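Heads up, the thing below is written out as structure tokens.
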Number of protein chains: 2
Amino acid sequence: MSNPQSVFKALADPTRRAILRLLRERDMTAGEIAAHFPVTRASISHHLALLKQANLVVDERRGQHIVYSLNTTVFQEVLAWLMELARPE
Amino acid sequence: MSNPQSVFKALADPTRRAILRLLRERDMTAGEIAAHFPVTRASISHHLALLKQANLVVDERRGQHIVYSLNTTVFQEVLAWLMELARPE
DNA sequence: GGAACATTTAGATATCTGTCAAAATATCGA
DNA sequence: TCGATATTTTGACAGATATCTAAATGTTCC
């Protein structure tokens, strides 16, 4: 994967993992995502920035909103990394 | 998996991931593992404790030494977790 | 252009994390 | 039992991280 460190770091936070599970259902705006958590929008924005940096999500401005969606490509790379470890001798 | 948080936290550190890759080759004592890194044995011991807590490794005392080895079972659970996200709709 | 809305950025702060040196624990061999 | 070796635990500290409030940016609609 492009940068293992940023990916694993991104996955290490429970809020960010919850965001990923949300986006599994459907694409959402930053505001919709924030509505699911008991933290400020600023905080969610920060988490989204880290997920974006790790390439786990992509964002696209749609008028007033910014829509986030999963980038499953990177998940495949994490899977490959882990499988290399778990693979029987 | 038993506790997703401890597993992902454990995977978030580059030294700990390197330790896992080392153990993929063969089981090693704490000392052998420490010899591969430019940090103190105390620090490696700390990393090993986190990996153990996450169930990613198991340890077994063999006389003077403590031998560490991978516990691939947990990797399967991480894989399943990620696959659930990456799976196409 | 200006008000209203959506989101991010900046600055501050408390907590978490990785690291070290030193002390403690455990095992072996003489 | 004593001394040597292997590893962990403790206590401290610098740097990273999650969070907040407030300010800044970008977009739409009138």
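Residues are named by chain letter and number: chains run A, B, ... in the order of the structure tokens, numbers start at 1 in each chain, and ligands are numbered from 1 in the order shown.
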
Pull the closest atom pair for each residue of chain A that gets at most 9 Å from chain D, along with the distance in Å to one decimal, counting only C-alpha atoms (C1' of nucleotides), ordering rows by chain and then ascending residue number, as a Markdown table.
```
| residue | atom | partner | partner_atom | distance |
| --- | --- | --- | --- | --- |
| A:Val39 | CA | D:DT19 | C1' | 7.9 |
| A:Thr40 | CA | D:DC20 | C1' | 7.8 |
| A:Ala42 | CA | D:DC20 | C1' | 8.6 |
| A:Ser43 | CA | D:DT19 | C1' | 6.5 |
| A:Gly63 | CA | D:DT27 | C1' | 6.2 |
| A:Gln64 | CA | D:DT27 | C1' | 4.9 |
| A:His65 | CA | D:DT27 | C1' | 8.4 |
```

_Neighbours of chain B in chain A at 8 Å, counting only C-alpha atoms, as a list in words_ = Gln5, Phe8, Lys9, Leu11, Ala12, Asp13, Pro14, Leu20, Arg21, Arg24, Thr72, Thr73, Phe75, Gln76, Leu79, Leu82, Met83, Leu85 and Ala86 of chain A

If chain A is fitted onto chain B by least squares over all C-alpha atoms, taken pair by pair in sequence order, what do its new coordinates look like as a PDB file with C-alpha atoms, in the first residue's frame?
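out.pdb, written as the output of this step:
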```pdb
ATOM      1  CA  MET A   1     -11.835 -10.638  17.292  1.00  0.00           C
ATOM      2  CA  SER A   2     -11.564 -10.519  21.070  1.00  0.00           C
ATOM      3  CA  ASN A   3     -10.766  -6.803  21.251  1.00  0.00           C
ATOM      4  CA  PRO A   4     -10.500  -4.883  17.978  1.00  0.00           C
ATOM      5  CA  GLN A   5      -9.095  -1.838  19.699  1.00  0.00           C
ATOM      6  CA  SER A   6      -6.046  -3.557  21.163  1.00  0.00           C
ATOM      7  CA  VAL A   7      -5.372  -5.334  17.871  1.00  0.00           C
ATOM      8  CA  PHE A   8      -5.492  -2.235  15.684  1.00  0.00           C
ATOM      9  CA  LYS A   9      -3.544  -0.230  18.239  1.00  0.00           C
ATOM     10  CA  ALA A  10      -0.884  -2.905  18.258  1.00  0.00           C
ATOM     11  CA  LEU A  11      -0.659  -2.846  14.466  1.00  0.00           C
ATOM     12  CA  ALA A  12      -0.340   0.945  14.386  1.00  0.00           C
ATOM     13  CA  ASP A  13       3.308   1.009  15.468  1.00  0.00           C
ATOM     14  CA  PRO A  14       6.046   0.336  12.882  1.00  0.00           C
ATOM     15  CA  THR A  15       8.341  -1.409  15.369  1.00  0.00           C
ATOM     16  CA  ARG A  16       5.574  -3.787  16.367  1.00  0.00           C
ATOM     17  CA  ARG A  17       4.746  -4.551  12.751  1.00  0.00           C
ATOM     18  CA  ALA A  18       8.435  -5.263  12.144  1.00  0.00           C
ATOM     19  CA  ILE A  19       8.425  -7.627  15.126  1.00  0.00           C
ATOM     20  CA  LEU A  20       5.500  -9.495  13.608  1.00  0.00           C
ATOM     21  CA  ARG A  21       7.333  -9.819  10.297  1.00  0.00           C
ATOM     22  CA  LEU A  22      10.384 -11.149  12.152  1.00  0.00           C
ATOM     23  CA  LEU A  23       8.284 -13.763  13.899  1.00  0.00           C
ATOM     24  CA  ARG A  24       6.866 -14.770  10.547  1.00  0.00           C
ATOM     25  CA  GLU A  25      10.327 -16.226   9.781  1.00  0.00           C
ATOM     26  CA  ARG A  26      10.698 -18.150  13.020  1.00  0.00           C
ATOM     27  CA  ASP A  27       9.993 -18.052  16.747  1.00  0.00           C
ATOM     28  CA  MET A  28      12.440 -15.867  18.655  1.00  0.00           C
ATOM     29  CA  THR A  29      13.408 -14.967  22.189  1.00  0.00           C
ATOM     30  CA  ALA A  30      12.871 -11.427  23.435  1.00  0.00           C
ATOM     31  CA  GLY A  31      16.624 -10.900  23.255  1.00  0.00           C
ATOM     32  CA  GLU A  32      16.873 -12.037  19.638  1.00  0.00           C
ATOM     33  CA  ILE A  33      14.026  -9.741  18.692  1.00  0.00           C
ATOM     34  CA  ALA A  34      15.578  -6.803  20.533  1.00  0.00           C
ATOM     35  CA  ALA A  35      18.862  -7.355  18.671  1.00  0.00           C
ATOM     36  CA  HIS A  36      17.108  -6.325  15.450  1.00  0.00           C
ATOM     37  CA  PHE A  37      16.154  -2.867  16.660  1.00  0.00           C
ATOM     38  CA  PRO A  38      18.017   0.268  17.727  1.00  0.00           C
ATOM     39  CA  VAL A  39      16.044   0.597  20.964  1.00  0.00           C
ATOM     40  CA  THR A  40      16.545  -0.823  24.444  1.00  0.00           C
ATOM     41  CA  ARG A  41      15.372  -4.242  25.554  1.00  0.00           C
ATOM     42  CA  ALA A  42      12.974  -2.550  27.929  1.00  0.00           C
ATOM     43  CA  SER A  43      11.302  -0.814  25.027  1.00  0.00           C
ATOM     44  CA  ILE A  44      10.997  -4.037  23.045  1.00  0.00           C
ATOM     45  CA  SER A  45       9.594  -5.739  26.115  1.00  0.00           C
ATOM     46  CA  HIS A  46       6.912  -3.073  26.209  1.00  0.00           C
ATOM     47  CA  HIS A  47       6.048  -3.639  22.549  1.00  0.00           C
ATOM     48  CA  LEU A  48       5.891  -7.380  23.104  1.00  0.00           C
ATOM     49  CA  ALA A  49       3.515  -6.860  26.014  1.00  0.00           C
ATOM     50  CA  LEU A  50       1.152  -4.892  23.759  1.00  0.00           C
ATOM     51  CA  LEU A  51       1.344  -7.516  21.008  1.00  0.00           C
ATOM     52  CA  LYS A  52       0.622 -10.192  23.597  1.00  0.00           C
ATOM     53  CA  GLN A  53      -2.296  -8.242  25.001  1.00  0.00           C
ATOM     54  CA  ALA A  54      -3.703  -8.008  21.484  1.00  0.00           C
ATOM     55  CA  ASN A  55      -3.227 -11.747  21.150  1.00  0.00           C
ATOM     56  CA  LEU A  56      -1.112 -11.261  18.038  1.00  0.00           C
ATOM     57  CA  VAL A  57       1.730 -13.189  19.655  1.00  0.00           C
ATOM     58  CA  VAL A  58       2.032 -15.776  22.381  1.00  0.00           C
ATOM     59  CA  ASP A  59       4.973 -16.305  24.688  1.00  0.00           C
ATOM     60  CA  GLU A  60       6.342 -19.379  26.345  1.00  0.00           C
ATOM     61  CA  ARG A  61       9.134 -19.533  28.850  1.00  0.00           C
ATOM     62  CA  ARG A  62      11.862 -21.970  27.874  1.00  0.00           C
ATOM     63  CA  GLY A  63      14.375 -22.030  30.681  1.00  0.00           C
ATOM     64  CA  GLN A  64      16.165 -18.731  30.902  1.00  0.00           C
ATOM     65  CA  HIS A  65      14.523 -17.468  27.723  1.00  0.00           C
ATOM     66  CA  ILE A  66      11.046 -16.433  26.778  1.00  0.00           C
ATOM     67  CA  VAL A  67      10.157 -17.444  23.249  1.00  0.00           C
ATOM     68  CA  TYR A  68       7.679 -15.426  21.232  1.00  0.00           C
ATOM     69  CA  SER A  69       5.683 -16.678  18.282  1.00  0.00           C
ATOM     70  CA  LEU A  70       2.876 -15.438  16.043  1.00  0.00           C
ATOM     71  CA  ASN A  71      -0.705 -16.268  16.843  1.00  0.00           C
ATOM     72  CA  THR A  72      -2.147 -16.381  13.343  1.00  0.00           C
ATOM     73  CA  THR A  73      -5.669 -16.997  14.621  1.00  0.00           C
ATOM     74  CA  VAL A  74      -6.132 -13.332  15.401  1.00  0.00           C
ATOM     75  CA  PHE A  75      -4.893 -12.319  11.964  1.00  0.00           C
ATOM     76  CA  GLN A  76      -7.763 -14.275  10.471  1.00  0.00           C
ATOM     77  CA  GLU A  77     -10.131 -12.198  12.578  1.00  0.00           C
ATOM     78  CA  VAL A  78      -8.593  -8.917  11.448  1.00  0.00           C
ATOM     79  CA  LEU A  79      -8.854 -10.118   7.887  1.00  0.00           C
ATOM     80  CA  ALA A  80     -12.533 -10.892   8.377  1.00  0.00           C
ATOM     81  CA  TRP A  81     -13.130  -7.451   9.873  1.00  0.00           C
ATOM     82  CA  LEU A  82     -11.480  -5.707   6.936  1.00  0.00           C
ATOM     83  CA  MET A  83     -13.084  -7.916   4.342  1.00  0.00           C
ATOM     84  CA  GLU A  84     -16.494  -7.002   5.689  1.00  0.00           C
ATOM     85  CA  LEU A  85     -15.693  -3.382   4.798  1.00  0.00           C
ATOM     86  CA  ALA A  86     -14.045  -4.027   1.465  1.00  0.00           C
ATOM     87  CA  ARG A  87     -16.637  -6.474   0.198  1.00  0.00           C
ATOM     88  CA  PRO A  88     -18.469  -5.164  -2.867  1.00  0.00           C
ATOM     89  CA  GLU A  89     -22.139  -4.302  -2.291  1.00  0.00           C
TER      90      GLU A  89
END
```

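Minimum distance to chain B across C:DA6, C:DA14, C:DG1, C:DA26 (counting only C-alpha atoms (C1' of nucleotides)) occurs at C:DA26.
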
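The closest residue to chain B, picked from C:DA4, C:DC16, C:DC28, C:DA23 and counting only C-alpha atoms (C1' of nucleotides), is C:DC28.
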
*Which parts of chain B does DSSP call strand (DSSP E or B) when run on the backbone here, written out as a PyMOL selection string?*
chain B and resi 28-29+57-62+65-70

_Residues of chain C within 10 Å of chain B, only C-alpha atoms (C1' of nucleotides) counted, as a PyMOL selection string_ = chain C and resi 18-21+26-28
